[in-house]
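Visitor: I'd like to ask some things about the structure below.
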Amino acid sequence: MTNFYLMETDNYLDYGVVANPEIDDDSTFLGGHLIDELPPLIFEVNFPKDEKLPHYLGDEVPLVSSTLIQAFKLAGIDNFQVFPAQLVNPETGQSWDNFFAFNVLGLIKAANLDHSDFDELMEAGDDDEVPALLAFREIALDKDKVPSTALMFRMVENPGNLIVHEHLVDILTEHKQKGGWGIDVIEVDLV
């Protein structure tokens with residue numbers, strides 16, 4: 001049986017993004033839709049000088065390294081857009097330019113709520129056009145709702161959750177990075 005994983009930034013990071021650039025409200029990175037052209041993207045970070053950055057960081061605007069993009073491609077994942085991003089620590093003057101703002105294309109209403117553990121953050125709209133927003137402690141996916149071709153997607157129930165296929169996890173394991181990827185992957189149930 002195929003396994004899926006929740007992919008997150010390493011929960012034990014001491015540093016991260018402290019300020020995102022201003023982006024038009026229509027250009028959300030969590031909506032699963034194509035984003036048109038964007039202005040130059042400069043993110044403020046608080047990583048100390050010469051600190052190794054993780055390959056995946058950020059929240060409302062996820063950032064990935066060029067190395068992680070290659071891993072996605074090796075895994076056959078192509079449902080994403082990237083936009084060049086510069087990371088700057090204004091205190092040290094150091095900057096990194098091998099990162100990209102990362103937009104995953106596609107949202108799937110895939111949660112099996114009977115087997116998941118969650119809190120409801122926002123109720124669904126009366127017409128069900130606006131789905132409920134859930135904060136998951138444990139995720140179970142409905143095997144009948146996840147297409148067999150899905151390699152990476154965001155969940156309608158919480159677009160901040162990035163779900164990836166086991167093939168990507170295998171690629172990350174095979175291509176270990178010095179100091180690690182700075183990524184947590186948590187297996188989710190498929191029921």
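In the structure tokens, chains take letters A, B, ... by order of appearance, with residues numbered from 1 within each chain and ligands from 1 in the order shown.
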Give me, as a Markdown table, the closest atom pair and its distance (Å, one decimal) for every residue of range 6-99 of chain A within a cut-off of 12 Å of range 187-190 of chain A, counting only C-alpha atoms, rows sorted by chain and rising number.
Guide:
```
| residue | atom | partner | partner_atom | distance |
| --- | --- | --- | --- | --- |
| A:Leu6 | CA | A:Glu187 | CA | 6.3 |
| A:Met7 | CA | A:Glu187 | CA | 8.9 |
| A:Glu8 | CA | A:Glu187 | CA | 11.5 |
```
Visitor: From the DSSP assignment of the backbone, select every residue of chain A that is alpha helix (DSSP H), and format the answer as number ranges by chain.
Guide: A: 66-74, 166-174
Visitor: Residues at most 7 Å from range 131-135 of chain A, counting only C-alpha atoms, excluding those fewer than 5 positions away in the same chain, as a list in words?
Guide: Phe118, Asp119, Glu120, Leu121, Met122, Glu123, Ala124, Gly125, Glu157 and Asn158 of chain A
Visitor: Mind the document's chain letters and residue numbers, and return as a list in words the residues of range 97-148 of chain A that DSSP labels strand (DSSP E).
Guide: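 Residues meeting the strand (DSSP E) criterion: Asp97, Asn98, Phe99, Phe100, Ala101, Phe102, Asn103, Val104, Leu107, Ile108, Asp117, Phe118, Asp119, Glu120, Leu121, Met122, Leu133, Leu134, Ala135, Phe136, Arg137, Glu138, Ala140 and Leu141 of chain A.
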Visitor: Can you spit out the residues from that selection as an mmCIF file, in the first residue's frame, using N, CA and C atoms?
Guide:
```cif
data_model
loop_
_atom_site.group_PDB
_atom_site.id
_atom_site.type_symbol
_atom_site.label_atom_id
_atom_site.label_comp_id
_atom_site.auth_asym_id
_atom_site.auth_seq_id
_atom_site.Cartn_x
_atom_site.Cartn_y
_atom_site.Cartn_z
ATOM 1 N N ASP A 97 20.467 33.391 -1.917
ATOM 2 C CA ASP A 97 19.633 33.550 -3.114
ATOM 3 C C ASP A 97 19.344 32.233 -3.819
ATOM 4 N N ASN A 98 19.604 31.117 -3.173
ATOM 5 C CA ASN A 98 19.312 29.823 -3.790
ATOM 6 C C ASN A 98 17.992 29.251 -3.251
ATOM 7 N N PHE A 99 17.051 30.153 -2.914
ATOM 8 C CA PHE A 99 15.737 29.757 -2.410
ATOM 9 C C PHE A 99 14.643 30.286 -3.324
ATOM 10 N N PHE A 100 13.488 29.616 -3.241
ATOM 11 C CA PHE A 100 12.354 29.964 -4.082
ATOM 12 C C PHE A 100 11.079 29.919 -3.262
ATOM 13 N N ALA A 101 10.185 30.882 -3.508
ATOM 14 C CA ALA A 101 8.833 30.794 -2.957
ATOM 15 C C ALA A 101 8.156 29.647 -3.692
ATOM 16 N N PHE A 102 7.451 28.808 -2.945
ATOM 17 C CA PHE A 102 6.991 27.507 -3.438
ATOM 18 C C PHE A 102 5.468 27.440 -3.392
ATOM 19 N N ASN A 103 4.858 27.346 -4.565
ATOM 20 C CA ASN A 103 3.403 27.277 -4.673
ATOM 21 C C ASN A 103 2.990 25.897 -5.177
ATOM 22 N N VAL A 104 2.334 25.129 -4.295
ATOM 23 C CA VAL A 104 1.838 23.805 -4.668
ATOM 24 C C VAL A 104 0.503 23.978 -5.377
ATOM 25 N N LEU A 107 -5.519 21.361 -4.492
ATOM 26 C CA LEU A 107 -6.071 21.118 -3.160
ATOM 27 C C LEU A 107 -6.972 19.895 -3.276
ATOM 28 N N ILE A 108 -6.908 19.010 -2.299
ATOM 29 C CA ILE A 108 -7.763 17.832 -2.305
ATOM 30 C C ILE A 108 -8.483 17.750 -0.968
ATOM 31 N N ASP A 117 -7.711 13.212 14.241
ATOM 32 C CA ASP A 117 -7.878 13.934 15.503
ATOM 33 C C ASP A 117 -7.611 15.407 15.185
ATOM 34 N N PHE A 118 -8.584 16.268 15.472
ATOM 35 C CA PHE A 118 -8.474 17.664 15.058
ATOM 36 C C PHE A 118 -9.349 18.563 15.916
ATOM 37 N N ASP A 119 -9.099 19.859 15.807
ATOM 38 C CA ASP A 119 -9.968 20.902 16.351
ATOM 39 C C ASP A 119 -10.506 21.692 15.173
ATOM 40 N N GLU A 120 -11.740 22.140 15.281
ATOM 41 C CA GLU A 120 -12.316 22.973 14.233
ATOM 42 C C GLU A 120 -11.977 24.425 14.529
ATOM 43 N N LEU A 121 -11.208 25.048 13.631
ATOM 44 C CA LEU A 121 -10.815 26.447 13.798
ATOM 45 C C LEU A 121 -11.870 27.398 13.250
ATOM 46 N N MET A 122 -12.555 26.960 12.199
ATOM 47 C CA MET A 122 -13.568 27.779 11.547
ATOM 48 C C MET A 122 -14.623 26.856 10.961
ATOM 49 N N LEU A 133 -12.263 24.873 8.491
ATOM 50 C CA LEU A 133 -10.806 24.885 8.626
ATOM 51 C C LEU A 133 -10.463 24.107 9.886
ATOM 52 N N LEU A 134 -9.615 23.093 9.747
ATOM 53 C CA LEU A 134 -9.314 22.184 10.842
ATOM 54 C C LEU A 134 -7.828 22.244 11.208
ATOM 55 N N ALA A 135 -7.558 22.124 12.497
ATOM 56 C CA ALA A 135 -6.178 22.001 12.982
ATOM 57 C C ALA A 135 -5.996 20.545 13.402
ATOM 58 N N PHE A 136 -5.199 19.830 12.650
ATOM 59 C CA PHE A 136 -5.026 18.394 12.883
ATOM 60 C C PHE A 136 -3.927 18.118 13.899
ATOM 61 N N ARG A 137 -4.203 17.215 14.810
ATOM 62 C CA ARG A 137 -3.182 16.626 15.680
ATOM 63 C C ARG A 137 -2.716 15.309 15.065
ATOM 64 N N GLU A 138 -3.643 14.636 14.402
ATOM 65 C CA GLU A 138 -3.340 13.392 13.695
ATOM 66 C C GLU A 138 -4.205 13.362 12.436
ATOM 67 N N ALA A 140 -5.680 11.384 9.076
ATOM 68 C CA ALA A 140 -5.969 10.170 8.323
ATOM 69 C C ALA A 140 -6.573 10.618 6.996
ATOM 70 N N LEU A 141 -6.101 10.041 5.909
ATOM 71 C CA LEU A 141 -6.616 10.358 4.582
ATOM 72 C C LEU A 141 -7.600 9.280 4.151
#
```
Visitor: Let me make sure I understand: among A:Leu105, A:Ile42, A:Asn3, A:Leu168, which one has the smallest atom-to-atom distance to Lys143 in chain A if we use only C-alpha atoms?
Guide: A:Asn3
Visitor: So what do you get for CA of Asn79 in chain A versus CA of Val146 in chain A, distance-wise?
Guide: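 Interatomic distance, CA of Asn79 in chain A to CA of Val146 in chain A: 15.1 Å.
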Visitor: Using CA of His175 in chain A and CA of Ala71 in chain A as the two end points, give the distance in Å to one decimal.
Guide: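 That distance, rounded to one decimal, is 8.1 Å.
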Visitor: When you count only C-alpha atoms, which of these residues is closest to Thr28 in chain A: A:Leu53, A:Val61, A:Leu151, A:Ile171?
Guide: A:Val61
Visitor: Tell me, as an MDAnalysis selection string, which residues lie within 12 Å of Phe80 in chain A, counting only C-alpha atoms; anything in the same chain fewer than 2 positions away does not count.
Guide: chainID A and resid 29:35 62 64 69 72:73 76:78 82:83 100:107 151:154 162
Visitor: Just to be explicit: take each residue in the selection above, keep N, CA and C atoms, and write the result as a PDB file, in the first residue's frame.
Guide:
```pdb
ATOM      1  N   PHE A  29      -0.198  31.549  -1.484  1.00  0.00           N
ATOM      2  CA  PHE A  29       0.610  30.357  -1.730  1.00  0.00           C
ATOM      3  C   PHE A  29      -0.017  29.114  -1.105  1.00  0.00           C
ATOM      4  N   LEU A  30      -1.194  29.250  -0.509  1.00  0.00           N
ATOM      5  CA  LEU A  30      -1.844  28.112   0.127  1.00  0.00           C
ATOM      6  C   LEU A  30      -3.168  27.756  -0.538  1.00  0.00           C
ATOM      7  N   GLY A  31      -3.493  28.403  -1.648  1.00  0.00           N
ATOM      8  CA  GLY A  31      -4.780  28.175  -2.286  1.00  0.00           C
ATOM      9  C   GLY A  31      -4.809  27.099  -3.344  1.00  0.00           C
ATOM     10  N   GLY A  32      -3.642  26.607  -3.746  1.00  0.00           N
ATOM     11  CA  GLY A  32      -3.601  25.550  -4.740  1.00  0.00           C
ATOM     12  C   GLY A  32      -3.759  26.022  -6.169  1.00  0.00           C
ATOM     13  N   HIS A  33      -3.785  27.353  -6.387  1.00  0.00           N
ATOM     14  CA  HIS A  33      -4.015  27.914  -7.722  1.00  0.00           C
ATOM     15  C   HIS A  33      -2.741  28.523  -8.292  1.00  0.00           C
ATOM     16  N   LEU A  34      -2.693  28.651  -9.623  1.00  0.00           N
ATOM     17  CA  LEU A  34      -1.579  29.332 -10.271  1.00  0.00           C
ATOM     18  C   LEU A  34      -1.489  30.770  -9.792  1.00  0.00           C
ATOM     19  N   ILE A  35      -0.269  31.243  -9.653  1.00  0.00           N
ATOM     20  CA  ILE A  35      -0.015  32.628  -9.275  1.00  0.00           C
ATOM     21  C   ILE A  35       0.621  33.313 -10.478  1.00  0.00           C
ATOM     22  N   PRO A  62       5.710  29.378   1.714  1.00  0.00           N
ATOM     23  CA  PRO A  62       6.757  28.367   1.879  1.00  0.00           C
ATOM     24  C   PRO A  62       7.963  28.679   0.989  1.00  0.00           C
ATOM     25  N   VAL A  64      11.643  26.964  -0.504  1.00  0.00           N
ATOM     26  CA  VAL A  64      12.401  25.740  -0.733  1.00  0.00           C
ATOM     27  C   VAL A  64      13.737  26.087  -1.386  1.00  0.00           C
ATOM     28  N   ILE A  69      14.100  21.420  -4.750  1.00  0.00           N
ATOM     29  CA  ILE A  69      13.362  21.424  -6.023  1.00  0.00           C
ATOM     30  C   ILE A  69      13.828  20.263  -6.898  1.00  0.00           C
ATOM     31  N   PHE A  72      12.191  17.109  -5.690  1.00  0.00           N
ATOM     32  CA  PHE A  72      10.809  17.011  -6.158  1.00  0.00           C
ATOM     33  C   PHE A  72      10.783  16.488  -7.590  1.00  0.00           C
ATOM     34  N   LYS A  73      11.630  17.043  -8.423  1.00  0.00           N
ATOM     35  CA  LYS A  73      11.663  16.625  -9.831  1.00  0.00           C
ATOM     36  C   LYS A  73      12.090  15.168  -9.968  1.00  0.00           C
ATOM     37  N   GLY A  76       9.358  12.858  -9.557  1.00  0.00           N
ATOM     38  CA  GLY A  76       8.292  12.957 -10.554  1.00  0.00           C
ATOM     39  C   GLY A  76       7.215  13.955 -10.193  1.00  0.00           C
ATOM     40  N   ILE A  77       7.490  14.809  -9.211  1.00  0.00           N
ATOM     41  CA  ILE A  77       6.513  15.815  -8.778  1.00  0.00           C
ATOM     42  C   ILE A  77       6.684  17.061  -9.633  1.00  0.00           C
ATOM     43  N   ASP A  78       5.583  17.506 -10.246  1.00  0.00           N
ATOM     44  CA  ASP A  78       5.673  18.692 -11.097  1.00  0.00           C
ATOM     45  C   ASP A  78       4.497  19.655 -10.903  1.00  0.00           C
ATOM     46  N   VAL A  82       7.553  27.908  -8.790  1.00  0.00           N
ATOM     47  CA  VAL A  82       8.556  28.535  -7.933  1.00  0.00           C
ATOM     48  C   VAL A  82       8.837  29.945  -8.427  1.00  0.00           C
ATOM     49  N   PHE A  83       9.154  30.808  -7.474  1.00  0.00           N
ATOM     50  CA  PHE A  83       9.480  32.201  -7.752  1.00  0.00           C
ATOM     51  C   PHE A  83      10.770  32.531  -7.016  1.00  0.00           C
ATOM     52  N   PHE A 100      13.488  29.616  -3.241  1.00  0.00           N
ATOM     53  CA  PHE A 100      12.354  29.964  -4.082  1.00  0.00           C
ATOM     54  C   PHE A 100      11.079  29.919  -3.262  1.00  0.00           C
ATOM     55  N   ALA A 101      10.185  30.882  -3.508  1.00  0.00           N
ATOM     56  CA  ALA A 101       8.833  30.794  -2.957  1.00  0.00           C
ATOM     57  C   ALA A 101       8.156  29.647  -3.692  1.00  0.00           C
ATOM     58  N   PHE A 102       7.451  28.808  -2.945  1.00  0.00           N
ATOM     59  CA  PHE A 102       6.991  27.507  -3.438  1.00  0.00           C
ATOM     60  C   PHE A 102       5.468  27.440  -3.392  1.00  0.00           C
ATOM     61  N   ASN A 103       4.858  27.346  -4.565  1.00  0.00           N
ATOM     62  CA  ASN A 103       3.403  27.277  -4.673  1.00  0.00           C
ATOM     63  C   ASN A 103       2.990  25.897  -5.177  1.00  0.00           C
ATOM     64  N   VAL A 104       2.334  25.129  -4.295  1.00  0.00           N
ATOM     65  CA  VAL A 104       1.838  23.805  -4.668  1.00  0.00           C
ATOM     66  C   VAL A 104       0.503  23.978  -5.377  1.00  0.00           C
ATOM     67  N   LEU A 105       0.365  23.357  -6.536  1.00  0.00           N
ATOM     68  CA  LEU A 105      -0.867  23.438  -7.314  1.00  0.00           C
ATOM     69  C   LEU A 105      -1.740  22.238  -6.981  1.00  0.00           C
ATOM     70  N   GLY A 106      -2.928  22.524  -6.520  1.00  0.00           N
ATOM     71  CA  GLY A 106      -3.879  21.465  -6.218  1.00  0.00           C
ATOM     72  C   GLY A 106      -4.232  21.361  -4.752  1.00  0.00           C
ATOM     73  N   LEU A 107      -5.519  21.361  -4.492  1.00  0.00           N
ATOM     74  CA  LEU A 107      -6.071  21.118  -3.160  1.00  0.00           C
ATOM     75  C   LEU A 107      -6.972  19.895  -3.276  1.00  0.00           C
ATOM     76  N   LEU A 151       1.001  12.855  -6.049  1.00  0.00           N
ATOM     77  CA  LEU A 151       2.333  12.749  -5.461  1.00  0.00           C
ATOM     78  C   LEU A 151       2.571  13.832  -4.417  1.00  0.00           C
ATOM     79  N   MET A 152       1.825  14.938  -4.514  1.00  0.00           N
ATOM     80  CA  MET A 152       1.941  16.033  -3.562  1.00  0.00           C
ATOM     81  C   MET A 152       0.685  16.882  -3.666  1.00  0.00           C
ATOM     82  N   PHE A 153       0.128  17.273  -2.519  1.00  0.00           N
ATOM     83  CA  PHE A 153      -1.043  18.144  -2.527  1.00  0.00           C
ATOM     84  C   PHE A 153      -1.214  18.805  -1.173  1.00  0.00           C
ATOM     85  N   ARG A 154      -1.989  19.854  -1.187  1.00  0.00           N
ATOM     86  CA  ARG A 154      -2.425  20.505   0.048  1.00  0.00           C
ATOM     87  C   ARG A 154      -3.837  20.020   0.337  1.00  0.00           C
ATOM     88  N   LEU A 162       0.955  20.118   3.972  1.00  0.00           N
ATOM     89  CA  LEU A 162       1.487  19.635   2.705  1.00  0.00           C
ATOM     90  C   LEU A 162       1.668  18.124   2.799  1.00  0.00           C
TER      91      LEU A 162
END
```
Visitor: What does the distance from CA of Ile163 in chain A to CA of Phe4 in chain A come to in Å, to one decimal?
Guide: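 It comes out at 6.5 Å.
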Visitor: Which one is closest to Asp142 in chain A: A:Val191, A:His165, A:Met155, A:Phe47? Count only C-alpha atoms.
Guide: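 Distance minimum relative to Asp142 in chain A lands on A:Val191.
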Visitor: Within 8 Å of Gly16 in chain A, counting only C-alpha atoms, which residues qualify if same-chain residues fewer than 5 places away don't, as a PDB file with N, CA and C atoms, in the first residue's frame?
Guide:
```pdb
ATOM      1  N   VAL A  45      15.147  37.023   7.511  1.00  0.00           N
ATOM      2  CA  VAL A  45      15.352  35.853   8.353  1.00  0.00           C
ATOM      3  C   VAL A  45      16.261  36.235   9.515  1.00  0.00           C
ATOM      4  N   ASN A  46      16.281  35.381  10.538  1.00  0.00           N
ATOM      5  CA  ASN A  46      17.144  35.662  11.684  1.00  0.00           C
ATOM      6  C   ASN A  46      18.219  34.594  11.873  1.00  0.00           C
ATOM      7  N   PHE A  47      18.574  33.877  10.806  1.00  0.00           N
ATOM      8  CA  PHE A  47      19.636  32.887  10.900  1.00  0.00           C
ATOM      9  C   PHE A  47      20.967  33.598  11.131  1.00  0.00           C
ATOM     10  N   LEU A  57      11.324  26.023   4.558  1.00  0.00           N
ATOM     11  CA  LEU A  57      10.987  26.885   5.676  1.00  0.00           C
ATOM     12  C   LEU A  57       9.900  27.862   5.280  1.00  0.00           C
ATOM     13  N   GLY A  58       9.433  28.602   6.248  1.00  0.00           N
ATOM     14  CA  GLY A  58       8.361  29.561   6.002  1.00  0.00           C
ATOM     15  C   GLY A  58       7.020  28.956   6.349  1.00  0.00           C
TER      16      GLY A  58
END
```
Visitor: When distances are computed from only C-alpha atoms, which of A:Glu51, A:Asp144, A:Asp14, A:Asp59 shows the smallest separation from Gly179 in chain A?
Guide: A:Glu51
Visitor: Using only C-alpha atoms for the distances, tell me which of A:Gly182, A:Pro39, A:Pro159, A:Pro54 is nearest to Glu22 in chain A.
Guide: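 Checking each candidate against Glu22 in chain A, we get A:Pro39 as the closest.
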Visitor: Using only C-alpha atoms, which protein or nucleic acid residues come within 9 Å of Trp96 in chain A? Drop anything in the same chain fewer than 3 positions from it, and give the result as a CSV table (one decimal) with N, CA and C atoms, in the first residue's frame.
Guide:
```csv
chain,number,residue,atom,x,y,z
A,85,ALA,N,13.5,33.9,-4.7
A,85,ALA,CA,13.4,34.6,-3.5
A,85,ALA,C,14.8,34.9,-2.9
A,86,GLN,N,14.9,36.0,-2.3
A,86,GLN,CA,16.2,36.3,-1.6
A,86,GLN,C,15.9,36.4,-0.1
A,87,LEU,N,16.7,35.7,0.7
A,87,LEU,CA,16.6,35.7,2.1
A,87,LEU,C,17.7,36.6,2.7
A,88,VAL,N,17.4,37.5,3.6
A,88,VAL,CA,18.3,38.5,4.1
A,88,VAL,C,18.2,38.5,5.6
A,89,ASN,N,19.4,38.5,6.2
A,89,ASN,CA,19.4,38.8,7.7
A,89,ASN,C,19.9,40.2,7.8
A,99,PHE,N,17.1,30.2,-2.9
A,99,PHE,CA,15.7,29.8,-2.4
A,99,PHE,C,14.6,30.3,-3.3
```
